[in-house]
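Okay, start26.cif now, which holds mmCIF, C-alpha atoms:
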```
data_work
#
loop_
_atom_site.group_PDB
_atom_site.id
_atom_site.type_symbol
_atom_site.label_atom_id
_atom_site.label_comp_id
_atom_site.auth_asym_id
_atom_site.auth_seq_id
_atom_site.Cartn_x
_atom_site.Cartn_y
_atom_site.Cartn_z
ATOM 1 C CA MET A 1400 49.023 187.963 -134.165
ATOM 2 C CA LYS A 1401 45.547 187.120 -135.382
ATOM 3 C CA PHE A 1402 45.359 184.318 -137.934
ATOM 4 C CA SER A 1403 42.020 183.451 -139.525
ATOM 5 C CA ALA A 1404 42.291 179.873 -140.710
ATOM 6 C CA TYR A 1405 39.943 178.688 -143.444
ATOM 7 C CA GLU A 1406 37.123 181.112 -142.708
ATOM 8 C CA SER A 1407 35.559 183.660 -145.012
ATOM 9 C CA ASN A 1408 36.842 187.158 -144.357
ATOM 10 C CA ARG A 1409 33.781 189.413 -144.405
ATOM 11 C CA ASN A 1410 35.807 192.402 -143.223
ATOM 12 C CA VAL A 1411 38.224 192.994 -146.094
ATOM 13 C CA VAL A 1412 39.915 195.837 -144.201
ATOM 14 C CA SER A 1413 41.074 193.472 -141.432
ATOM 15 C CA VAL A 1414 42.819 191.247 -143.991
ATOM 16 C CA TRP A 1415 45.136 194.132 -144.861
ATOM 17 C CA ALA A 1416 45.059 195.967 -141.535
ATOM 18 C CA TYR A 1417 46.963 193.495 -139.340
ATOM 19 C CA PRO A 1418 49.883 192.863 -141.757
ATOM 20 C CA LEU A 1419 50.099 196.589 -142.514
ATOM 21 C CA PHE A 1420 50.064 197.403 -138.808
ATOM 22 C CA LEU A 1421 52.891 194.898 -138.254
ATOM 23 C CA VAL A 1422 54.983 196.479 -141.027
ATOM 24 C CA LEU A 1423 54.464 200.019 -139.692
ATOM 25 C CA ILE A 1424 55.307 199.021 -136.108
ATOM 26 C CA LEU A 1425 58.476 197.188 -137.172
ATOM 27 C CA LEU A 1426 59.596 200.110 -139.350
ATOM 28 C CA LEU A 1427 59.107 202.508 -136.433
ATOM 29 C CA ILE A 1428 61.036 200.223 -134.071
ATOM 30 C CA HIS A 1429 63.945 199.816 -136.514
ATOM 31 C CA ASN A 1430 64.051 203.546 -137.141
ATOM 32 C CA TRP A 1431 64.029 204.235 -133.398
ATOM 33 C CA THR A 1432 66.930 201.822 -132.754
ATOM 34 C CA GLY A 1433 68.954 203.262 -135.641
ATOM 35 C CA ALA A 1434 68.841 200.435 -138.185
ATOM 36 C CA LEU A 1435 66.909 202.518 -140.747
ATOM 37 C CA THR A 1436 68.608 205.859 -140.189
ATOM 38 C CA TRP A 1437 70.046 207.817 -143.140
ATOM 39 C CA PRO A 1438 72.707 208.337 -144.460
ATOM 40 C CA ILE A 1439 74.321 204.888 -144.340
ATOM 41 C CA LEU A 1440 77.821 205.290 -142.982
ATOM 42 C CA ASP A 1441 79.506 201.868 -143.283
ATOM 43 C CA ALA A 1442 79.092 198.210 -144.315
ATOM 44 C CA ASP A 1443 77.651 197.154 -140.951
ATOM 45 C CA HIS A 1444 75.025 199.879 -141.111
ATOM 46 C CA GLN A 1445 74.190 198.852 -144.718
ATOM 47 C CA ARG A 1446 73.681 195.238 -143.631
ATOM 48 C CA ASP A 1447 71.489 196.287 -140.714
ATOM 49 C CA PHE A 1448 69.481 198.587 -142.986
ATOM 50 C CA ASN A 1449 68.902 195.877 -145.618
ATOM 51 C CA THR A 1450 68.030 193.177 -143.081
ATOM 52 C CA ALA A 1451 65.634 195.389 -141.142
ATOM 53 C CA LEU A 1452 63.861 196.568 -144.299
ATOM 54 C CA GLY A 1453 63.774 193.114 -145.947
ATOM 55 C CA THR A 1454 62.482 191.124 -142.957
ATOM 56 C CA THR A 1455 59.893 193.800 -142.217
ATOM 57 C CA MET A 1456 58.453 193.915 -145.736
ATOM 58 C CA LEU A 1457 58.455 190.135 -146.136
ATOM 59 C CA SER A 1458 56.883 189.560 -142.697
ATOM 60 C CA GLY A 1459 53.911 191.695 -143.703
ATOM 61 C CA PHE A 1460 53.793 190.094 -147.150
ATOM 62 C CA PHE A 1461 53.740 186.507 -145.887
ATOM 63 C CA TRP A 1462 51.151 187.246 -143.179
ATOM 64 C CA LEU A 1463 48.894 188.750 -145.837
ATOM 65 C CA THR A 1464 49.439 185.859 -148.239
ATOM 66 C CA ILE A 1465 48.812 183.218 -145.560
ATOM 67 C CA ARG A 1466 45.361 184.711 -145.102
ATOM 68 C CA ASN A 1467 44.903 184.690 -148.873
ATOM 69 C CA VAL A 1468 45.969 181.020 -148.997
ATOM 70 C CA HIS A 1469 43.336 180.191 -146.377
ATOM 71 C CA LYS A 1470 40.704 182.064 -148.353
ATOM 72 C CA ASN A 1471 41.629 180.199 -151.561
ATOM 73 C CA ALA A 1472 41.605 176.866 -149.741
ATOM 74 C CA ALA A 1473 38.181 177.551 -148.218
ATOM 75 C CA SER A 1474 36.618 178.595 -151.536
ATOM 76 C CA THR A 1475 38.137 175.588 -153.363
ATOM 77 C CA LEU A 1476 36.949 173.278 -150.592
ATOM 78 C CA ILE A 1477 33.405 174.659 -150.828
ATOM 79 C CA ALA A 1478 33.402 174.218 -154.620
ATOM 80 C CA ALA A 1479 34.647 170.637 -154.264
ATOM 81 C CA LEU A 1480 32.063 169.741 -151.619
ATOM 82 C CA LEU A 1481 29.266 171.303 -153.693
ATOM 83 C CA SER A 1482 30.303 169.142 -156.632
ATOM 84 C CA LEU A 1483 30.424 166.091 -154.362
ATOM 85 C CA GLU A 1484 27.082 167.089 -152.806
ATOM 86 C CA LYS A 1485 28.737 166.900 -149.379
ATOM 87 C CA LEU A 1486 28.675 170.543 -148.291
ATOM 88 C CA SER A 1487 27.507 169.430 -144.823
ATOM 89 C CA LYS A 1488 31.052 168.096 -144.256
ATOM 90 C CA PHE A 1489 32.637 171.539 -144.677
ATOM 91 C CA ASN A 1490 33.031 172.094 -140.926
ATOM 92 C CA HIS A 1491 34.667 168.668 -140.561
ATOM 93 C CA HIS A 1492 37.256 169.405 -143.265
ATOM 94 C CA ARG A 1493 37.832 172.904 -141.881
ATOM 95 C CA ARG A 1494 38.568 171.405 -138.453
ATOM 96 C CA VAL A 1495 41.058 168.966 -139.999
ATOM 97 C CA LEU A 1496 42.796 171.800 -141.847
ATOM 98 C CA GLY A 1497 42.684 173.878 -138.659
ATOM 99 C CA ARG A 1498 44.492 171.131 -136.720
ATOM 100 C CA GLN A 1499 47.118 170.973 -139.471
ATOM 101 C CA PHE A 1500 47.501 174.738 -139.206
ATOM 102 C CA ALA A 1501 48.048 174.505 -135.428
ATOM 103 C CA LYS A 1502 50.806 171.891 -135.912
ATOM 104 C CA HIS A 1503 52.453 173.965 -138.620
ATOM 105 C CA LEU A 1504 52.304 177.022 -136.380
ATOM 106 C CA MET A 1505 54.225 175.170 -133.640
ATOM 107 C CA TRP A 1506 56.865 173.930 -136.093
ATOM 108 C CA SER A 1507 57.172 177.381 -137.652
ATOM 109 C CA THR A 1508 57.575 179.015 -134.244
ATOM 110 C CA SER A 1509 60.465 176.672 -133.473
ATOM 111 C CA ILE A 1510 62.177 177.546 -136.755
ATOM 112 C CA GLY A 1511 61.405 181.228 -136.173
ATOM 113 C CA VAL A 1512 63.340 181.119 -132.890
ATOM 114 C CA ILE A 1513 66.226 178.972 -134.160
ATOM 115 C CA MET A 1514 67.040 180.781 -137.436
ATOM 116 C CA PRO A 1515 67.905 184.222 -135.910
ATOM 117 C CA VAL A 1516 70.384 182.491 -133.593
ATOM 118 C CA VAL A 1517 71.921 180.634 -136.552
ATOM 119 C CA TYR A 1518 72.175 183.909 -138.469
ATOM 120 C CA LEU A 1519 73.877 185.733 -135.595
ATOM 121 C CA LEU A 1520 76.422 182.939 -135.206
ATOM 122 C CA SER A 1521 77.133 182.440 -138.921
ATOM 123 C CA GLU A 1522 77.558 186.160 -139.611
ATOM 124 C CA GLY A 1523 79.676 186.792 -136.503
ATOM 125 C CA LEU A 1524 77.163 189.264 -135.109
ATOM 126 C CA VAL A 1525 77.224 187.859 -131.575
ATOM 127 C CA THR A 1526 79.928 190.387 -130.710
ATOM 128 C CA ARG A 1527 77.521 193.195 -131.717
ATOM 129 C CA ILE A 1528 74.534 191.833 -129.820
ATOM 130 C CA ASP A 1529 74.879 194.635 -127.264
ATOM 131 C CA GLU A 1530 74.037 197.147 -130.016
ATOM 132 C CA PRO A 1531 70.292 197.949 -129.906
ATOM 133 C CA GLU A 1532 69.748 197.714 -133.670
ATOM 134 C CA VAL A 1533 71.375 194.240 -133.904
ATOM 135 C CA LEU A 1534 69.394 192.873 -130.960
ATOM 136 C CA VAL A 1535 66.120 194.286 -132.288
ATOM 137 C CA ILE A 1536 66.797 192.931 -135.802
ATOM 138 C CA ALA A 1537 67.401 189.481 -134.316
ATOM 139 C CA LEU A 1538 64.165 189.615 -132.301
ATOM 140 C CA THR A 1539 62.026 191.048 -135.106
ATOM 141 C CA SER A 1540 63.306 188.461 -137.597
ATOM 142 C CA ILE A 1541 61.446 185.806 -135.581
ATOM 143 C CA PRO A 1542 58.061 186.660 -137.200
ATOM 144 C CA PHE A 1543 59.772 186.705 -140.606
ATOM 145 C CA TRP A 1544 61.069 183.117 -140.299
ATOM 146 C CA LEU A 1545 57.854 181.989 -138.608
ATOM 147 C CA LEU A 1546 55.595 183.377 -141.344
ATOM 148 C CA LEU A 1547 57.865 182.223 -144.175
ATOM 149 C CA THR A 1548 57.907 178.635 -142.894
ATOM 150 C CA LEU A 1549 54.198 178.671 -142.115
ATOM 151 C CA PHE A 1550 53.385 179.910 -145.625
ATOM 152 C CA ILE A 1551 55.371 177.111 -147.304
ATOM 153 C CA LEU A 1552 53.889 174.376 -145.090
ATOM 154 C CA GLN A 1553 50.338 175.648 -145.565
ATOM 155 C CA VAL A 1554 50.607 175.873 -149.349
ATOM 156 C CA PHE A 1555 51.871 172.292 -149.624
ATOM 157 C CA SER A 1556 49.444 170.730 -147.132
ATOM 158 C CA ASN A 1557 46.366 172.528 -148.507
ATOM 159 C CA THR A 1558 47.084 171.496 -152.089
ATOM 160 C CA HIS A 1559 47.803 167.897 -151.072
ATOM 161 C CA TYR A 1560 44.676 167.680 -148.897
ATOM 162 C CA LEU A 1561 42.325 169.004 -151.580
ATOM 163 C CA GLN A 1562 43.900 166.832 -154.280
ATOM 164 C CA GLN A 1563 43.365 163.748 -152.101
ATOM 165 C CA LEU A 1564 39.784 164.836 -151.415
ATOM 166 C CA ALA A 1565 39.036 165.153 -155.135
ATOM 167 C CA SER A 1566 40.667 161.817 -155.990
ATOM 168 C CA THR A 1567 39.263 159.643 -153.190
ATOM 169 C CA GLU A 1568 35.684 160.884 -152.818
ATOM 170 C CA GLU A 1569 34.640 161.472 -156.453
ATOM 171 C CA PRO A 1570 33.788 158.236 -158.327
ATOM 172 C CA ASP A 1571 32.899 160.091 -161.539
ATOM 173 C CA SER A 1572 36.049 160.690 -163.631
ATOM 174 C CA SER A 1573 34.721 163.790 -165.413
ATOM 175 C CA LYS A 1574 33.775 165.464 -162.126
ATOM 176 C CA GLU A 1575 37.112 164.500 -160.573
ATOM 177 C CA LEU A 1576 38.921 166.091 -163.504
ATOM 178 C CA ASN A 1577 36.977 169.335 -163.017
ATOM 179 C CA LEU A 1578 37.803 169.308 -159.297
ATOM 180 C CA LEU A 1579 41.485 168.687 -159.993
ATOM 181 C CA ARG A 1580 41.526 171.661 -162.343
ATOM 182 C CA GLU A 1581 40.192 173.871 -159.554
ATOM 183 C CA VAL A 1582 42.847 172.525 -157.162
ATOM 184 C CA PHE A 1583 45.529 173.167 -159.797
ATOM 185 C CA ASP A 1584 44.309 176.760 -160.203
ATOM 186 C CA MET A 1585 44.561 177.225 -156.433
ATOM 187 C CA ALA A 1586 48.097 175.768 -156.348
ATOM 188 C CA LEU A 1587 49.118 177.945 -159.290
ATOM 189 C CA SER A 1588 47.793 181.084 -157.567
ATOM 190 C CA ASN A 1589 49.694 180.230 -154.373
ATOM 191 C CA THR A 1590 52.903 179.609 -156.326
ATOM 192 C CA LEU A 1591 52.589 182.930 -158.119
ATOM 193 C CA ILE A 1592 52.139 184.657 -154.756
ATOM 194 C CA ALA A 1593 55.221 182.906 -153.371
ATOM 195 C CA VAL A 1594 57.537 183.841 -156.222
ATOM 196 C CA CYS A 1595 56.358 187.458 -155.987
ATOM 197 C CA GLY A 1596 57.470 187.403 -152.344
ATOM 198 C CA PHE A 1597 60.718 185.723 -153.354
ATOM 199 C CA ALA A 1598 61.273 188.610 -155.771
ATOM 200 C CA LEU A 1599 61.626 190.948 -152.775
ATOM 201 C CA THR A 1600 64.707 189.122 -151.471
ATOM 202 C CA PRO A 1601 67.285 191.308 -153.330
ATOM 203 C CA ILE A 1602 66.447 193.978 -150.741
ATOM 204 C CA PHE A 1603 68.792 192.095 -148.394
ATOM 205 C CA TRP A 1604 71.789 192.750 -150.655
ATOM 206 C CA ILE A 1605 71.353 196.356 -151.767
ATOM 207 C CA ASN A 1606 74.816 197.850 -152.315
ATOM 208 C CA LYS A 1607 76.641 194.899 -150.709
ATOM 209 C CA PRO A 1608 78.022 191.480 -151.719
ATOM 210 C CA VAL A 1609 75.928 188.387 -151.056
ATOM 211 C CA PRO A 1610 77.284 186.580 -147.930
ATOM 212 C CA VAL A 1611 77.870 182.814 -147.976
ATOM 213 C CA PHE A 1612 75.164 182.245 -145.335
ATOM 214 C CA ASP A 1613 72.648 184.193 -147.425
ATOM 215 C CA ILE A 1614 73.535 182.158 -150.518
ATOM 216 C CA GLY A 1615 72.893 179.001 -148.476
ATOM 217 C CA VAL A 1616 69.541 180.309 -147.258
ATOM 218 C CA LEU A 1617 68.640 181.382 -150.789
ATOM 219 C CA THR A 1618 69.479 177.907 -152.111
ATOM 220 C CA VAL A 1619 67.441 176.181 -149.388
ATOM 221 C CA TYR A 1620 64.519 178.499 -150.031
ATOM 222 C CA ALA A 1621 64.736 177.781 -153.778
ATOM 223 C CA ILE A 1622 64.605 174.056 -152.993
ATOM 224 C CA PHE A 1623 61.546 174.662 -150.794
ATOM 225 C CA ILE A 1624 59.951 176.605 -153.644
ATOM 226 C CA SER A 1625 60.568 173.698 -156.010
ATOM 227 C CA THR A 1626 59.525 171.000 -153.547
ATOM 228 C CA TYR A 1627 56.624 172.569 -151.681
ATOM 229 C CA LEU A 1628 55.154 174.739 -154.428
ATOM 230 C CA PHE A 1629 55.888 173.229 -157.837
ATOM 231 C CA LEU A 1630 55.808 169.575 -156.712
ATOM 232 C CA PRO A 1631 52.126 169.706 -155.650
ATOM 233 C CA MET A 1632 51.266 171.207 -159.040
ATOM 234 C CA ILE A 1633 53.206 168.432 -160.775
ATOM 235 C CA ILE A 1634 51.379 165.793 -158.713
ATOM 236 C CA VAL A 1635 47.994 167.328 -159.508
ATOM 237 C CA ALA A 1636 48.898 167.670 -163.206
ATOM 238 C CA LYS A 1637 49.926 163.994 -163.371
ATOM 239 C CA ARG A 1638 46.652 162.976 -161.763
ATOM 240 C CA MET A 1639 44.817 165.215 -164.239
ATOM 241 C CA ARG A 1640 46.589 163.414 -167.091
ATOM 242 C CA THR A 1641 45.612 160.000 -165.683
ATOM 243 C CA VAL A 1642 41.973 160.953 -165.149
ATOM 244 C CA SER A 1643 41.873 162.659 -168.561
ATOM 245 C CA ASN A 1644 42.965 159.400 -170.221
ATOM 246 C CA ILE A 1645 40.266 157.519 -168.317
ATOM 247 C CA VAL A 1646 37.615 160.014 -169.450
ATOM 248 C CA MET A 1647 38.842 159.803 -173.069
ATOM 249 C CA LYS A 1648 38.561 156.008 -173.016
ATOM 250 C CA GLU A 1649 35.043 156.276 -171.625
ATOM 251 C CA GLN A 1650 34.101 158.761 -174.338
ATOM 252 C CA GLU A 1651 35.683 156.625 -177.056
ATOM 253 C CA SER A 1652 33.528 153.708 -175.907
ATOM 254 C CA GLU A 1653 30.469 155.943 -175.978
ATOM 255 C CA LEU A 1654 31.480 157.243 -179.406
ATOM 256 C CA THR A 1655 31.784 153.707 -180.781
ATOM 257 C CA HIS A 1656 28.372 152.870 -179.360
ATOM 258 C CA LEU A 1657 26.802 155.996 -180.921
ATOM 259 C CA ILE A 1658 28.341 155.301 -184.335
ATOM 260 C CA ARG A 1659 26.891 151.792 -184.289
ATOM 261 C CA GLN A 1660 23.579 153.182 -183.098
ATOM 262 C CA GLN A 1661 23.612 155.784 -185.869
ATOM 263 C CA VAL A 1662 23.679 153.080 -188.556
ATOM 264 C CA SER A 1663 20.524 151.443 -187.302
ATOM 265 C CA CYS A 1664 18.659 154.511 -186.083
ATOM 266 C CA ASP A 1665 16.514 157.067 -187.900
ATOM 267 C CA VAL A 1666 17.395 159.932 -185.523
ATOM 268 C CA LYS A 1667 20.734 160.619 -187.173
ATOM 269 C CA LEU A 1668 20.879 164.384 -186.600
ATOM 270 C CA SER A 1669 20.820 164.262 -182.791
ATOM 271 C CA LEU A 1670 23.352 161.444 -182.774
ATOM 272 C CA SER A 1671 25.641 163.427 -185.075
ATOM 273 C CA LYS A 1672 25.549 166.342 -182.645
ATOM 274 C CA LYS A 1673 26.423 164.025 -179.747
ATOM 275 C CA ILE A 1674 29.315 162.555 -181.721
ATOM 276 C CA GLU A 1675 30.575 166.049 -182.596
ATOM 277 C CA SER A 1676 30.336 167.088 -178.931
ATOM 278 C CA ILE A 1677 32.333 164.055 -177.815
ATOM 279 C CA GLU A 1678 35.024 164.723 -180.434
ATOM 280 C CA THR A 1679 35.283 168.343 -179.214
ATOM 281 C CA ASN A 1680 35.578 167.190 -175.593
ATOM 282 C CA LYS A 1681 38.344 164.776 -176.570
ATOM 283 C CA GLU A 1682 40.348 167.649 -178.037
ATOM 284 C CA THR A 1683 39.864 169.593 -174.792
ATOM 285 C CA LEU A 1684 40.930 166.607 -172.693
ATOM 286 C CA ARG A 1685 44.186 166.280 -174.629
ATOM 287 C CA ARG A 1686 45.129 169.777 -173.402
ATOM 288 C CA ILE A 1687 45.752 169.273 -169.688
ATOM 289 C CA LEU A 1688 46.528 172.959 -169.085
ATOM 290 C CA SER A 1689 44.565 175.830 -170.583
ATOM 291 C CA LYS A 1690 46.303 178.739 -172.330
ATOM 292 C CA THR A 1691 45.622 180.921 -169.291
ATOM 293 C CA GLN A 1692 47.211 178.379 -166.943
ATOM 294 C CA LYS A 1693 50.269 178.049 -169.187
ATOM 295 C CA LEU A 1694 50.624 181.832 -169.260
ATOM 296 C CA ARG A 1695 50.371 182.068 -165.466
ATOM 297 C CA LEU A 1696 52.932 179.279 -165.135
ATOM 298 C CA LEU A 1697 55.278 181.245 -167.382
ATOM 299 C CA ILE A 1698 54.685 184.382 -165.307
ATOM 300 C CA CYS A 1699 55.834 182.417 -162.220
ATOM 301 C CA MET A 1700 59.334 182.313 -163.752
ATOM 302 C CA MET A 1701 59.561 186.070 -164.295
ATOM 303 C CA PRO A 1702 59.435 187.961 -160.932
ATOM 304 C CA LEU A 1703 62.820 186.849 -159.555
ATOM 305 C CA PRO A 1704 65.061 187.751 -162.540
ATOM 306 C CA ALA A 1705 63.022 190.928 -163.070
ATOM 307 C CA SER A 1706 63.574 191.955 -159.432
ATOM 308 C CA TRP A 1707 67.341 191.382 -159.668
ATOM 309 C CA PHE A 1708 67.554 193.564 -162.775
ATOM 310 C CA PHE A 1709 65.474 196.227 -161.027
ATOM 311 C CA PHE A 1710 67.684 196.328 -157.925
ATOM 312 C CA LEU A 1711 70.856 196.360 -160.053
ATOM 313 C CA PHE A 1712 69.376 199.349 -161.880
ATOM 314 C CA VAL A 1713 68.594 201.045 -158.552
ATOM 315 C CA GLU A 1714 72.118 200.362 -157.274
ATOM 316 C CA SER A 1715 73.617 202.073 -160.349
ATOM 317 C CA PHE A 1716 72.102 205.346 -159.064
ATOM 318 C CA TYR A 1717 72.764 204.602 -155.394
#
```
If you convert what's in this file into structure tokens, what do you get?
Amino acid sequence: MKFSAYESNRNVVSVWAYPLFLVLILLLIHNWTGALTWPILDADHQRDFNTALGTTMLSGFFWLTIRNVHKNAASTLIAALLSLEKLSKFNHHRRVLGRQFAKHLMWSTSIGVIMPVVYLLSEGLVTRIDEPEVLVIALTSIPFWLLLTLFILQVFSNTHYLQQLASTEEPDSSKELNLLREVFDMALSNTLIAVCGFALTPIFWINKPVPVFDIGVLTVYAIFISTYLFLPMIIVAKRMRTVSNIVMKEQESELTHLIRQQVSCDVKLSLSKKIESIETNKETLRRILSKTQKLRLLICMMPLPASWFFFLFVESFY
């Protein structure tokens, strides 16, 4: 697999080509071994069909989104460094993020190898391991678990790293607040991507009951979503609230000074405009999230229930 960590992707085709190629190859392999053959004859065949289709689609999805996460992180990093007037340090920060990526890749590979074994044991599929479709599903689920874990780790670490960068290297509160808003936008985009991927999970249970192991995995994944996706946004939002209060206090002090200056100064018109501008900024600062951000946050809650309703509708005609 070719991962491009934190570099601009000039060739847009390659961003889609590798994940799409992976999906096509896996679909061909599963069809060749019999997992995706039609019609579906029994419960075992249905489980193999769902697992092969689900892991294949999600493997391609998470590979594509990992590259998108890197692109978002790189663009946010550049914007932050431009604001800090430290663009010359871009390569340094990219190397740090690259080392984090390498560590996450090793951890994800370990989980990618362990989870198929756990699945085979928990579902009692070890007795069917001699069947080509079961063996191939187990092997091809390795990239699924690898990419899923890597995506979650990268989203959390990138958001945390950029939030720390904005908070530790920017002495100006107003500029820090602007940087934090950009980091929040990045985290919100990544979360929206993740829940869209999560919305594909009902594929695993088309026309079959949800096994206990799958419920456990679903619960763990939901916890990861909450911890590694929403928690960084909460942390950034809290920091935005703190910095916003600091900026408001600074502007209130400036406002008091201007009002006093207005009494003893002949240039009242320009001072009135400054006072009006500060009052407008204070109203903006009280709203931590914009209407667009609130709408996108609401949209994050919609894909999963919508996907369940969709698959239930599909099953009614199955």
How many Å separate CA of Phe1420 in chain A from CA of Trp1506 in chain A?
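A separation of 24.6 Å between them.
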Given the PyMOL selection byres ((chain A and resi 1549) around 8) and the file above, list the residues it selects as number ranges by chain.
A: 1465, 1503-1504, 1507, 1545-1548, 1550-1553
Export of prior selection with C-alpha atoms as a PDB file, in the frame of the given file:
```pdb
ATOM      1  CA  ILE A1465      48.812 183.218-145.560  1.00  0.00           C
ATOM      2  CA  HIS A1503      52.453 173.965-138.620  1.00  0.00           C
ATOM      3  CA  LEU A1504      52.304 177.022-136.380  1.00  0.00           C
ATOM      4  CA  SER A1507      57.172 177.381-137.652  1.00  0.00           C
ATOM      5  CA  LEU A1545      57.854 181.989-138.608  1.00  0.00           C
ATOM      6  CA  LEU A1546      55.595 183.377-141.344  1.00  0.00           C
ATOM      7  CA  LEU A1547      57.865 182.223-144.175  1.00  0.00           C
ATOM      8  CA  THR A1548      57.907 178.635-142.894  1.00  0.00           C
ATOM      9  CA  PHE A1550      53.385 179.910-145.625  1.00  0.00           C
ATOM     10  CA  ILE A1551      55.371 177.111-147.304  1.00  0.00           C
ATOM     11  CA  LEU A1552      53.889 174.376-145.090  1.00  0.00           C
ATOM     12  CA  GLN A1553      50.338 175.648-145.565  1.00  0.00           C
TER      13      GLN A1553
END
```
Atom-to-atom span, CA of Pro1438 in chain A and CA of Ile1528 in chain A, Å
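Here the two named atoms are 22.1 Å from each other.
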Could you work out how far CA of Val1594 in chain A lies from CA of Leu1578 in chain A, giving the answer in Å with one decimal?
24.7 Å
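Minimum atom-to-atom distance to Trp1415 in chain A, evaluated using all atoms listed in the file, belongs to A:Gly1459 out of A:Thr1432, A:Gly1459, A:Asn1557, A:Ala1451.
Of the listed residues A:Phe1629, A:Glu1649, A:Leu1561, A:Asp1443, the one whose atoms come nearest to Arg1527 in chain A is A:Asp1443, with distances taken using all atoms listed in the file.
Proximity ranking of A:Thr1526, A:Arg1498, A:Pro1418, A:Arg1638 relative to Met1456 in chain A places A:Pro1418 first, based on all atoms listed in the file.
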Long-range neighbours of Lys1607 in chain A as a VMD selection string, 8 Å cut-off, only C-alpha atoms, 6 positions minimum in chain:
chain A and resid 1442 1445 to 1446
Would you pick out the contacts of Leu1524 in chain A at 9 Å or less, using all atoms listed in the file, so that residues sharing its chain but fewer than 5 positions from it are not included, and give the list as an MDAnalysis selection string?
chainID A and resid 1518:1519 1533
Since we have the selection now, will you write its residues out, keeping C-alpha atoms, as a PDB file, keeping the file's coordinate frame?
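And here is the file that came out, again-v2.pdb:
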```pdb
ATOM      1  CA  TYR A1518      72.175 183.909-138.469  1.00  0.00           C
ATOM      2  CA  LEU A1519      73.877 185.733-135.595  1.00  0.00           C
ATOM      3  CA  VAL A1533      71.375 194.240-133.904  1.00  0.00           C
TER       4      VAL A1533
END
```
